[in-house]
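S.K.: Can you read through this structure? Questions will come right after.
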Amino acid sequence: MEQDEIDSYKAFIKKIPVPLLILLGLLLIVIILHPWVQIGPGERGVILNFGAVQKVVLNEGLHFRIPIMQNVVPVNVQIQKAVTETVAASSDLQDVTSTLALNYHIIPDMANIVYQSIGIHFKERIIDPAILEVVKAVTARYSAEELITKRPLVSEEMRQALTERLKIHNIAVDAFSIVAFSFSKVFTEAIESKQTAEQLALKAKRDLDRIRVEAEQKITAARAEAESLRLQRANISSDLIELRKIEASIKAIEKWNGILPQVTGNGAVPFIGLEDKR
């Protein structure tokens with residue numbers, strides 16, 4: 001039975017045209033040898049000829065390679081992020097724990113050099129040690145308080161130092177930021193006490209300024225009132241005094257009922273004055 005199946009297969013193969021058999025054979029070889037490579041977005045291809053890194057770097061897209069002889073290693077050149085926590089000492093010998101974030105990427109045209117000199121583990125070998133060294137060097141130039149008050153300046157100095165250091169390894173720095181600073185409990189409490197004292201001093205100053213303004217307002221009002229009284233006194237003249245006397249006499253006459261006072265005894269009739277005897 002088995003021999004009959006083999007014979008039937010041979011007869012079937014003989015019926016297939018030779019050109020088609022050759023084509024199928026070539027297609028099988030191509031599939032097995034895989035003579036092409038596709039470089040994805042944000043990648044570069046490093047060509048290895050029997051393991052030796054070549055000068056040509058493949059861009060994104062489909063590329064052909066020589067089977068068996070050539071191998072292509074994709075290298076990520078997109079922006080990557082490294083978050084590192086470090087402990088360093090400030091210039092006043094305070095322990096400072098920093099959380100730092102670095103955005104970086106491999107210079108695309110230098111992907112083959114990076115792969116040849118560093119490999120694919122460049123973060124562990126280059127990025128993290130560079131961050132630690134730069135942070136310690138820069139932190140040592142500032143006091144703990146300056147690290148807080150001059151944070152943008154400290155961050156920029158660290159970024160510039162990292163840029164110069166990583167450029168040597170064909171790695172570009174895109175952004176750098178200090179996520180957080182933390183200090184010892186004793187120093188933190190001292191900072192909080194100082195801030196509280198400054199806030200109280202500021203409040204006292206504001207209160208003093210308010211009291212001073214209110215006092216100046218009262219002085220100004222008193223001066224205005226005194227000036228008003230002075231002007232009123234200056235306007236009082238002898239004519240005004242006589243006018244007031246006449247007005248008082250007129251009021252007394254208006255109130256007189258026309259009856260002379262009763263007088264007993266000898267003497268002249270008393271004179272009724274015009275002044276108000278009220």
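Chain labels A, B, ... are given in the sequence in which chains occur in the structure tokens; within each chain residues are numbered consecutively from 1, and ligands are likewise numbered from 1 in the order shown.
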Where in segment 87-219 of chain A does DSSP assign helix (DSSP H, G or I), given as a VMD selection string?

M.R.: chain A and resid 108 to 117 122 to 139 144 to 149 151 to 167 185 to 219

S.K.: From a DSSP calculation on the backbone, collect every residue of segment 45-164 of chain A in strand (DSSP E or B) and output the set as number ranges by chain.

M.R.: A: 45-49, 52-58, 61-64, 70-76, 80-89, 95-106

S.K.: Go ahead and compute the interatomic distance for atom CA of Lys194 of chain A and atom CA of Arg141 of chain A, in Å to one decimal.

M.R.: 22.5 Å

S.K.: Quick one: residues within 10 Å of Gln116 of chain A, only C-alpha atoms counted, chain neighbours fewer than 3 positions away excluded, as a list in words?

M.R.: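 Returned residues: Val46, Ala52, Val53, Gln54, Met110, Ala111, Asn112, Ile113, Gly119 and Ile120 of chain A.
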
S.K.: Could you turn the residues from that selection into a file that holds N, CA and C atoms, as a PDB file, in the first residue's frame?

M.R.:
```pdb
ATOM      1  N   VAL A  46      21.296  48.505  11.886  1.00  0.00           N
ATOM      2  CA  VAL A  46      22.752  48.353  11.918  1.00  0.00           C
ATOM      3  C   VAL A  46      23.101  47.051  11.196  1.00  0.00           C
ATOM      4  N   ALA A  52      30.511  41.797  11.909  1.00  0.00           N
ATOM      5  CA  ALA A  52      31.249  43.061  11.897  1.00  0.00           C
ATOM      6  C   ALA A  52      30.307  44.217  11.565  1.00  0.00           C
ATOM      7  N   VAL A  53      30.322  45.282  12.391  1.00  0.00           N
ATOM      8  CA  VAL A  53      29.453  46.429  12.181  1.00  0.00           C
ATOM      9  C   VAL A  53      29.911  47.215  10.958  1.00  0.00           C
ATOM     10  N   GLN A  54      28.951  47.551  10.083  1.00  0.00           N
ATOM     11  CA  GLN A  54      29.247  48.287   8.860  1.00  0.00           C
ATOM     12  C   GLN A  54      28.976  49.781   9.034  1.00  0.00           C
ATOM     13  N   MET A 110      24.309  57.902  13.956  1.00  0.00           N
ATOM     14  CA  MET A 110      25.389  57.290  14.731  1.00  0.00           C
ATOM     15  C   MET A 110      24.923  56.007  15.424  1.00  0.00           C
ATOM     16  N   ALA A 111      23.823  55.453  14.988  1.00  0.00           N
ATOM     17  CA  ALA A 111      23.288  54.256  15.634  1.00  0.00           C
ATOM     18  C   ALA A 111      24.278  53.094  15.568  1.00  0.00           C
ATOM     19  N   ASN A 112      25.013  52.967  14.455  1.00  0.00           N
ATOM     20  CA  ASN A 112      25.984  51.874  14.325  1.00  0.00           C
ATOM     21  C   ASN A 112      27.150  52.048  15.297  1.00  0.00           C
ATOM     22  N   ILE A 113      27.582  53.309  15.507  1.00  0.00           N
ATOM     23  CA  ILE A 113      28.684  53.560  16.443  1.00  0.00           C
ATOM     24  C   ILE A 113      28.250  53.246  17.864  1.00  0.00           C
ATOM     25  N   GLY A 119      26.474  48.985  22.728  1.00  0.00           N
ATOM     26  CA  GLY A 119      25.504  47.903  22.660  1.00  0.00           C
ATOM     27  C   GLY A 119      24.102  48.431  22.868  1.00  0.00           C
ATOM     28  N   ILE A 120      23.171  47.551  23.140  1.00  0.00           N
ATOM     29  CA  ILE A 120      21.780  47.965  23.313  1.00  0.00           C
ATOM     30  C   ILE A 120      21.438  48.332  24.759  1.00  0.00           C
TER      31      ILE A 120
END
```

S.K.: Quick one: residues within 7 Å of Arg65 of chain A, only C-alpha atoms counted, chain neighbours fewer than 3 positions away excluded, as a count of residues only?

M.R.: 3

S.K.: Which residue out of A:Val73, A:Val37, A:Ile106, A:Ile219 has the minimum interatomic distance to Lys167 of chain A when only C-alpha atoms are used?

M.R.: A:Ile106

S.K.: Would you mind telling me which residue in A:Ile39, A:Val135, A:Ile68, A:Ile148 lies nearest to Leu162 of chain A when using only C-alpha atoms?

M.R.: A:Val135

S.K.: For Asn71 of chain A, work out the shell of residues within 8 Å, counting only C-alpha atoms and skipping chain neighbours fewer than 5 positions away, then give it as a compact mmCIF listing (two decimals) with N, CA and C atoms, in the first residue's frame.

M.R.:
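Final output, saved to out_2.txt:
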```
# COMPACT_ATOMS: atom_id res chain seq x y z
N ILE A 47 23.91 47.16 10.14
CA ILE A 47 24.26 46.00 9.31
C ILE A 47 25.49 45.32 9.89
N LEU A 48 25.40 44.00 10.02
CA LEU A 48 26.52 43.19 10.49
C LEU A 48 26.90 42.20 9.38
N ASN A 49 28.13 42.30 8.90
CA ASN A 49 28.66 41.33 7.93
C ASN A 49 29.49 40.30 8.70
N PHE A 50 28.90 39.11 8.86
CA PHE A 50 29.53 38.07 9.69
C PHE A 50 29.90 38.61 11.06
N GLY A 51 29.01 39.48 11.61
CA GLY A 51 29.21 40.02 12.96
C GLY A 51 29.94 41.33 13.02
N ARG A 65 18.98 42.13 2.22
CA ARG A 65 20.25 41.76 2.83
C ARG A 65 20.75 40.48 2.19
```

S.K.: So the first atom is atom CA of Ala137 of chain A and the second is atom CA of Ala161 of chain A; what is the distance between them in Å, to one decimal place?

M.R.: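 Interatomic distance here is 9.6 Å.
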
S.K.: Do you have the atom CA of Arg159 of chain A-atom CA of Leu132 of chain A distance handy?

M.R.: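 Separating atom CA of Arg159 of chain A from atom CA of Leu132 of chain A is a distance of 12.5 Å.
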
S.K.: When you look at Ala140 of chain A with a cut-off of 12 Å (counting only C-alpha atoms), what residues show up, excluding the ones that are within fewer than 5 positions of it in the same chain? I need them as JSON, numbers by chain.

M.R.: {"A": [87, 88, 89, 90, 91, 92, 93, 94, 95, 96, 133, 134, 135, 146, 147, 154, 158]}

S.K.: Only C-alpha atoms, please: the residues just picked out, written as a PDB file, in the first residue's frame.

M.R.:
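Listed below is the output, result_3.pdb:
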```
ATOM      1  CA  VAL A  87      21.350  60.844  46.968  1.00  0.00           C
ATOM      2  CA  ALA A  88      23.975  63.608  47.097  1.00  0.00           C
ATOM      3  CA  ALA A  89      25.426  66.072  49.596  1.00  0.00           C
ATOM      4  CA  SER A  90      24.972  69.836  49.353  1.00  0.00           C
ATOM      5  CA  SER A  91      27.719  72.378  50.031  1.00  0.00           C
ATOM      6  CA  ASP A  92      26.484  72.691  53.644  1.00  0.00           C
ATOM      7  CA  LEU A  93      26.673  68.887  54.017  1.00  0.00           C
ATOM      8  CA  GLN A  94      22.930  68.237  53.920  1.00  0.00           C
ATOM      9  CA  ASP A  95      21.799  64.917  52.413  1.00  0.00           C
ATOM     10  CA  VAL A  96      19.637  65.622  49.370  1.00  0.00           C
ATOM     11  CA  GLU A 133      27.838  61.827  38.569  1.00  0.00           C
ATOM     12  CA  VAL A 134      26.433  65.106  37.238  1.00  0.00           C
ATOM     13  CA  VAL A 135      23.877  65.429  40.036  1.00  0.00           C
ATOM     14  CA  GLU A 146      19.798  77.328  47.366  1.00  0.00           C
ATOM     15  CA  LEU A 147      18.761  74.033  45.791  1.00  0.00           C
ATOM     16  CA  VAL A 154      20.336  74.069  39.212  1.00  0.00           C
ATOM     17  CA  MET A 158      22.601  69.750  35.264  1.00  0.00           C
TER      18      MET A 158
END
```
